[in-house]
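Have a look at protein36.pdb; it's PDB, C-alpha atoms:
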ATOM      1  CA  MET A   1     197.644 210.058  53.420
ATOM      2  CA  ASP A   2     194.494 208.088  54.220
ATOM      3  CA  TYR A   3     191.222 209.659  55.329
ATOM      4  CA  GLU A   4     191.585 208.849  59.048
ATOM      5  CA  ALA A   5     195.092 210.306  59.243
ATOM      6  CA  GLY A   6     193.949 213.430  57.397
ATOM      7  CA  LEU A   7     190.989 213.867  59.712
ATOM      8  CA  ASP A   8     193.187 213.502  62.793
ATOM      9  CA  ARG A   9     195.589 216.109  61.468
ATOM     10  CA  ALA A  10     192.761 218.520  60.674
ATOM     11  CA  MET A  11     191.303 218.086  64.159
ATOM     12  CA  ASP A  12     194.726 218.767  65.705
ATOM     13  CA  GLU A  13     194.949 222.074  63.837
ATOM     14  CA  LEU A  14     191.519 223.322  64.866
ATOM     15  CA  PRO A  15     191.367 226.006  67.601
ATOM     16  CA  ASP A  16     190.646 224.693  71.083
ATOM     17  CA  PHE A  17     186.986 225.360  71.862
ATOM     18  CA  SER A  18     187.009 223.361  75.086
ATOM     19  CA  GLY A  19     187.317 226.439  77.285
ATOM     20  CA  SER A  20     184.428 228.087  79.027
ATOM     21  CA  ASP A  21     183.466 231.487  80.338
ATOM     22  CA  GLU A  22     184.315 230.202  83.834
ATOM     23  CA  ARG A  23     187.747 231.703  83.147
ATOM     24  CA  LEU A  24     186.023 235.083  83.325
ATOM     25  CA  SER A  25     186.197 235.848  87.035
ATOM     26  CA  VAL A  26     184.436 239.159  87.682
ATOM     27  CA  PRO A  27     184.446 240.758  91.158
ATOM     28  CA  ASP A  28     181.056 241.327  92.780
ATOM     29  CA  PRO A  29     179.923 244.972  92.628
ATOM     30  CA  GLU A  30     180.815 246.956  95.761
ATOM     31  CA  THR A  31     178.396 249.829  96.317
ATOM     32  CA  GLN A  32     178.276 252.801  98.635
ATOM     33  CA  LYS A  33     175.342 255.181  99.209
ATOM     34  CA  ASP A  34     176.262 258.855  99.020
ATOM     35  CA  GLY A  35     173.229 261.068  99.594
ATOM     36  CA  ALA A  36     171.266 261.115  96.337
ATOM     37  CA  PHE A  37     173.914 259.028  94.575
ATOM     38  CA  THR A  38     175.171 255.453  94.581
ATOM     39  CA  ARG A  39     178.867 254.733  94.054
ATOM     40  CA  LEU A  40     180.314 251.643  92.402
ATOM     41  CA  THR A  41     183.628 251.631  94.226
ATOM     42  CA  ASN A  42     185.343 248.779  92.380
ATOM     43  CA  LEU A  43     184.423 249.755  88.818
ATOM     44  CA  SER A  44     188.042 249.721  87.627
ATOM     45  CA  ALA A  45     188.666 246.257  89.098
ATOM     46  CA  ILE A  46     185.615 244.923  87.253
ATOM     47  CA  ALA A  47     186.760 246.558  83.993
ATOM     48  CA  ASP A  48     190.248 245.065  84.457
ATOM     49  CA  ALA A  49     188.735 241.591  84.882
ATOM     50  CA  LEU A  50     186.872 242.102  81.600
ATOM     51  CA  SER A  51     189.934 243.626  79.851
ATOM     52  CA  ARG A  52     187.858 246.650  78.940
ATOM     53  CA  ASP A  53     188.166 250.402  79.379
ATOM     54  CA  PRO A  54     186.496 251.419  82.682
ATOM     55  CA  GLU A  55     184.943 254.548  81.161
ATOM     56  CA  HIS A  56     183.344 252.414  78.450
ATOM     57  CA  LEU A  57     181.924 250.083  81.098
ATOM     58  CA  HIS A  58     180.732 253.093  83.106
ATOM     59  CA  SER A  59     178.827 254.571  80.142
ATOM     60  CA  THR A  60     177.078 251.253  79.511
ATOM     61  CA  ILE A  61     176.115 250.912  83.183
ATOM     62  CA  GLN A  62     174.564 254.398  82.990
ATOM     63  CA  ARG A  63     172.538 253.333  79.968
ATOM     64  CA  GLU A  64     171.363 250.105  81.592
ATOM     65  CA  LEU A  65     170.367 251.867  84.829
ATOM     66  CA  GLY A  66     168.675 254.676  82.926
ATOM     67  CA  THR A  67     170.490 257.406  84.827
ATOM     68  CA  ALA A  68     173.335 259.895  84.635
ATOM     69  CA  GLY A  69     176.637 259.585  86.443
ATOM     70  CA  GLN A  70     180.317 260.371  86.629
ATOM     71  CA  PHE A  71     183.508 258.310  86.391
ATOM     72  CA  GLU A  72     186.404 259.479  88.561
ATOM     73  CA  ASN A  73     189.453 257.853  90.183
ATOM     74  CA  GLY A  74     188.400 254.344  89.212
ATOM     75  CA  ARG A  75     184.915 254.706  90.681
ATOM     76  CA  GLY A  76     181.504 255.273  89.157
ATOM     77  CA  ARG A  77     178.889 257.543  90.718
ATOM     78  CA  TYR A  78     175.262 257.294  89.610
ATOM     79  CA  ASN A  79     172.245 259.482  90.296
ATOM     80  CA  GLY A  80     169.700 257.555  92.347
ATOM     81  CA  THR A  81     169.596 254.533  94.620
ATOM     82  CA  PHE A  82     170.787 251.211  93.205
ATOM     83  CA  THR A  83     171.546 247.833  94.755
ATOM     84  CA  PRO A  84     174.486 245.507  94.034
ATOM     85  CA  SER A  85     172.048 243.314  92.068
ATOM     86  CA  ASP A  86     171.151 246.307  89.861
ATOM     87  CA  PHE A  87     174.824 246.735  89.020
ATOM     88  CA  SER A  88     175.279 242.986  88.508
ATOM     89  CA  ALA A  89     172.469 242.981  85.935
ATOM     90  CA  ALA A  90     174.011 245.969  84.127
ATOM     91  CA  ILE A  91     177.457 244.316  84.103
ATOM     92  CA  ASP A  92     175.961 241.042  82.815
ATOM     93  CA  ALA A  93     174.369 243.003  79.968
ATOM     94  CA  TYR A  94     177.749 244.596  79.217
ATOM     95  CA  ILE A  95     179.435 241.187  79.121
ATOM     96  CA  GLU A  96     176.785 239.838  76.758
ATOM     97  CA  GLU A  97     177.124 242.830  74.437
ATOM     98  CA  TYR A  98     180.812 243.703  74.559
ATOM     99  CA  VAL A  99     182.745 240.690  75.864
ATOM    100  CA  THR A 100     181.299 237.239  75.124
ATOM    101  CA  CYS A 101     181.721 235.784  71.647
ATOM    102  CA  SER A 102     178.338 234.927  70.145
ATOM    103  CA  GLU A 103     179.861 231.997  68.218
ATOM    104  CA  CYS A 104     181.968 230.072  70.761
ATOM    105  CA  GLY A 105     180.757 231.687  73.991
ATOM    106  CA  LEU A 106     184.269 232.522  75.210
ATOM    107  CA  PRO A 107     185.373 235.876  76.639
ATOM    108  CA  ASP A 108     188.641 235.956  74.646
ATOM    109  CA  THR A 109     187.603 238.986  72.602
ATOM    110  CA  ARG A 110     188.669 242.532  71.900
ATOM    111  CA  LEU A 111     186.851 245.605  70.650
ATOM    112  CA  VAL A 112     188.074 247.159  67.411
ATOM    113  CA  MET A 113     186.811 249.903  65.118
ATOM    114  CA  GLU A 114     186.321 249.217  61.425
ATOM    115  CA  ASN A 115     184.795 251.793  59.083
ATOM    116  CA  ARG A 116     183.541 253.708  62.126
ATOM    117  CA  THR A 117     181.692 250.606  63.337
ATOM    118  CA  GLN A 118     182.531 248.989  66.652
ATOM    119  CA  MET A 119     183.334 245.315  66.122
ATOM    120  CA  LEU A 120     183.966 242.413  68.483
ATOM    121  CA  ARG A 121     186.795 240.105  67.376
ATOM    122  CA  CYS A 122     187.206 236.725  69.065
ATOM    123  CA  GLU A 123     190.801 235.590  69.566
ATOM    124  CA  ALA A 124     189.666 232.005  70.262
ATOM    125  CA  CYS A 125     187.579 231.151  67.202
ATOM    126  CA  GLY A 126     188.201 234.100  64.884
ATOM    127  CA  ALA A 127     184.579 235.276  64.784
ATOM    128  CA  PHE A 128     184.195 238.933  63.858
ATOM    129  CA  ARG A 129     180.895 240.753  64.286
ATOM    130  CA  PRO A 130     179.517 244.239  64.843
ATOM    131  CA  VAL A 131     178.515 245.022  68.399
ATOM    132  CA  ALA A 132     174.754 244.608  68.624
ATOM    133  CA  LYS A 133     172.953 247.543  70.167
ATOM    134  CA  ARG A 134     170.586 246.197  72.780
ATOM    135  CA  ARG A 135     167.401 247.968  73.675
ATOM    136  CA  ARG A 136     167.451 248.967  77.302
ATOM    137  CA  LYS A 137     165.231 246.575  79.202
ATOM    138  CA  GLN A 138     164.316 249.263  81.672
ATOM    139  CA  ALA A 139     162.669 251.323  78.945
ATOM    140  CA  GLN A 140     160.441 248.387  78.048
ATOM    141  CA  ARG A 141     159.185 247.825  81.604
ATOM    142  CA  ASP A 142     159.347 251.418  82.814
ATOM    143  CA  VAL A 143     156.205 252.325  84.721
ATOM    144  CA  PRO A 144     156.706 255.630  86.547
ATOM    145  CA  ASP A 145     156.739 255.431  90.329
ATOM    146  CA  LEU A 146     156.285 259.205  90.425
ATOM    147  CA  GLU A 147     154.574 261.750  88.228
ATOM    148  CA  GLU A 148     154.861 265.520  88.266
ATOM    149  CA  GLY A 149     151.843 267.295  89.709
ATOM    150  CA  LYS A 150     150.745 264.394  91.910
ATOM    151  CA  THR A 151     150.862 263.886  95.670
ATOM    152  CA  TYR A 152     152.316 260.910  97.552
ATOM    153  CA  GLU A 153     152.815 259.715 101.117
ATOM    154  CA  VAL A 154     156.515 259.147 101.839
ATOM    155  CA  LYS A 155     158.827 258.592 104.787
ATOM    156  CA  ILE A 156     161.878 260.842 105.059
ATOM    157  CA  THR A 157     164.855 258.512 105.405
ATOM    158  CA  GLY A 158     167.783 260.911 105.137
ATOM    159  CA  THR A 159     169.041 264.454 104.833
ATOM    160  CA  GLY A 160     170.548 266.031 101.720
ATOM    161  CA  ARG A 161     173.649 268.210 101.636
ATOM    162  CA  LYS A 162     171.549 271.387 101.766
ATOM    163  CA  GLY A 163     169.505 270.137 104.719
ATOM    164  CA  ASP A 164     166.492 269.008 102.680
ATOM    165  CA  GLY A 165     164.694 265.843 103.697
ATOM    166  CA  VAL A 166     165.337 262.899 101.395
ATOM    167  CA  ALA A 167     162.846 260.123 100.599
ATOM    168  CA  GLU A 168     163.000 257.138  98.250
ATOM    169  CA  LYS A 169     160.201 255.833  96.038
ATOM    170  CA  GLY A 170     161.017 253.134  93.498
ATOM    171  CA  LYS A 171     164.028 254.316  91.513
ATOM    172  CA  TYR A 172     163.533 257.949  92.553
ATOM    173  CA  THR A 173     165.331 259.992  95.186
ATOM    174  CA  ILE A 174     163.042 262.809  96.348
ATOM    175  CA  PHE A 175     164.192 266.060  97.957
ATOM    176  CA  VAL A 176     161.676 267.670 100.325
ATOM    177  CA  PRO A 177     162.636 271.057 101.852
ATOM    178  CA  GLY A 178     161.411 271.510 105.414
ATOM    179  CA  ALA A 179     161.072 267.786 106.141
ATOM    180  CA  GLN A 180     163.174 266.011 108.762
ATOM    181  CA  LYS A 181     164.515 262.461 108.923
ATOM    182  CA  GLY A 182     161.838 260.156 110.355
ATOM    183  CA  ASP A 183     158.901 262.316 109.225
ATOM    184  CA  GLU A 184     156.018 260.743 107.308
ATOM    185  CA  VAL A 185     154.647 263.450 105.062
ATOM    186  CA  GLU A 186     152.388 264.021 102.088
ATOM    187  CA  ILE A 187     154.346 265.653  99.293
ATOM    188  CA  TYR A 188     153.564 267.319  95.973
ATOM    189  CA  ILE A 189     155.965 266.507  93.112
ATOM    190  CA  LYS A 190     157.030 269.763  91.447
ATOM    191  CA  ASN A 191     159.712 268.500  89.104
ATOM    192  CA  ILE A 192     161.403 265.255  88.025
ATOM    193  CA  SER A 193     164.865 265.104  86.437
ATOM    194  CA  GLY A 194     166.179 261.627  85.674
ATOM    195  CA  ASN A 195     166.023 259.657  88.910
ATOM    196  CA  LEU A 196     165.814 262.807  91.035
ATOM    197  CA  ALA A 197     162.561 264.449  92.091
ATOM    198  CA  PHE A 198     161.921 267.781  93.812
ATOM    199  CA  ALA A 199     158.851 268.192  95.978
ATOM    200  CA  ARG A 200     157.190 270.326  98.623
ATOM    201  CA  ILE A 201     155.136 269.328 101.613
ATOM    202  CA  ALA A 202     151.503 269.233 100.476
TER
END

Would you write out, as structure tokens, the structure that this file holds?
Amino acid sequence: MDYEAGLDRAMDELPDFSGSDERLSVPDPETQKDGAFTRLTNLSAIADALSRDPEHLHSTIQRELGTAGQFENGRGRYNGTFTPSDFSAAIDAYIEEYVTCSECGLPDTRLVMENRTQMLRCEACGAFRPVAKRRRKQAQRDVPDLEEGKTYEVKITGTGRKGDGVAEKGKYTIFVPGAQKGDEVEIYIKNISGNLAFARIA
């Protein structure tokens, strides 16, 4: 067998790398505000498109948003106010970390455990690597919009389940007893827990 024929045969036996991540069609996040929470109503559909466990996706979204939440009946619920673009950024980070092959760039991968280490195996090119833990970007740029013990001017934009006024400042949802929707009040921040803050009228 001459060199050219051997090269042609070798090329024929190589895996096809001509694909692209365009085959990864992910639904746009569908969100719904629910008092102090934001719901991601099509979480399961997004996880299905990625061929990943929805609870795993949910836990990563929580980490990326820097908040707590709950997964139930195919939906995710997260403490605080978040936009569809916030969820899109979190899902993109998930895809980069847990779906896309770092060697060929294709999404034809699966998660496996080996020696108690989570690994990403690519079915297209055979690459096999540990999942890289990414530092949360939010932690690097996090400048608090609120601080305990300080006062702020806010507009009450809603009412909580217990009748408290609800205001938004940055990533925080603030509960203000005695305030009514439409009020513009000066408040004193008594306590902050995650993306939730509890205040009184100053």

| said: Running the PyMOL selection byres ((chain A and resi 193) around 12) on this model by hand, what would come out? Give it as a list in words. | reply: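 Evaluating the PyMOL selection byres ((chain A and resi 193) around 12) on this file yields Gly66, Thr67, Ala68, Asn79, Gly80, Leu146, Glu147, Glu148, Lys171, Tyr172, Thr173, Ile174, Phe175, Ile189, Lys190, Asn191, Ile192, Gly194, Asn195, Leu196, Ala197, Phe198 and Ala199 of chain A.
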
| field | Straight-line distance linking CA of Pro27 in chain A with CA of Ala49 in chain A, stated in Å to one decimal | value |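 The value is 7.6 Å.
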
| query | Which polymer residues have any atom within 7 Å of an atom of Glu186 in chain A, counting only C-alpha atoms, with same-chain residues fewer than 5 positions away left out, as number ranges by chain? | reply | A: 151-154, 201-202

| field | Length of the CA of Lys181 in chain A to CA of Thr157 in chain A vector [Å] | value |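 If I compute the distance from CA of Lys181 in chain A to CA of Thr157 in chain A, I get 5.3 Å.
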
| Do you know which residues lie at most 12 Å from (173.6, 256.6, 80.4), with coordinates as in the file and all atoms listed in the file counted, and could you write them as a VMD selection string? | chain A and resid 55 to 71 76 to 79 90 136 138 194 to 195

| request: Quick one: pull the distance between CA of Arg116 in chain A and CA of Glu97 in chain A, Å, one decimal. | output: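 According to the coordinates, CA of Arg116 in chain A and CA of Glu97 in chain A are separated by 17.6 Å.
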
| Contacts of Ser51 in chain A at 9 Å (all atoms listed in the file; same-chain gap of 3+ positions) as an MDAnalysis selection string | chainID A and resid 46:48 54 99 109:110

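Each of A:Ala89, A:Ala179, A:Met119, A:Ala127 was compared to Glu103 in chain A using all atoms listed in the file, and A:Ala127 turns out to be the nearest.
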
Take the PyMOL selection byres ((chain A and resi 101) around 12), apply it to the structure above, and return the hits as a compact mmCIF listing (two decimals) with C-alpha atoms, in the coordinates of the input.
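Okay, result_1.txt is ready:
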# COMPACT_ATOMS: atom_id res chain seq x y z
CA PHE A 17 186.99 225.36 71.86
CA SER A 20 184.43 228.09 79.03
CA ASP A 21 183.47 231.49 80.34
CA ILE A 95 179.44 241.19 79.12
CA GLU A 96 176.78 239.84 76.76
CA GLU A 97 177.12 242.83 74.44
CA TYR A 98 180.81 243.70 74.56
CA VAL A 99 182.74 240.69 75.86
CA THR A 100 181.30 237.24 75.12
CA SER A 102 178.34 234.93 70.14
CA GLU A 103 179.86 232.00 68.22
CA CYS A 104 181.97 230.07 70.76
CA GLY A 105 180.76 231.69 73.99
CA LEU A 106 184.27 232.52 75.21
CA PRO A 107 185.37 235.88 76.64
CA ASP A 108 188.64 235.96 74.65
CA THR A 109 187.60 238.99 72.60
CA ARG A 110 188.67 242.53 71.90
CA LEU A 111 186.85 245.60 70.65
CA MET A 119 183.33 245.32 66.12
CA LEU A 120 183.97 242.41 68.48
CA ARG A 121 186.80 240.10 67.38
CA CYS A 122 187.21 236.72 69.06
CA GLU A 123 190.80 235.59 69.57
CA ALA A 124 189.67 232.00 70.26
CA CYS A 125 187.58 231.15 67.20
CA GLY A 126 188.20 234.10 64.88
CA ALA A 127 184.58 235.28 64.78
CA PHE A 128 184.20 238.93 63.86
CA ARG A 129 180.90 240.75 64.29
CA PRO A 130 179.52 244.24 64.84
CA VAL A 131 178.52 245.02 68.40
CA ALA A 132 174.75 244.61 68.62

| task | Find the residues near Asn42 in chain A: any atom within 8 Å, counting all atoms listed in the file, skip ones fewer than 5 places away on the same chain, and give them as a list in words. | result |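 The residues satisfying every condition are Pro29, Glu30, Gly74 and Arg75 of chain A.
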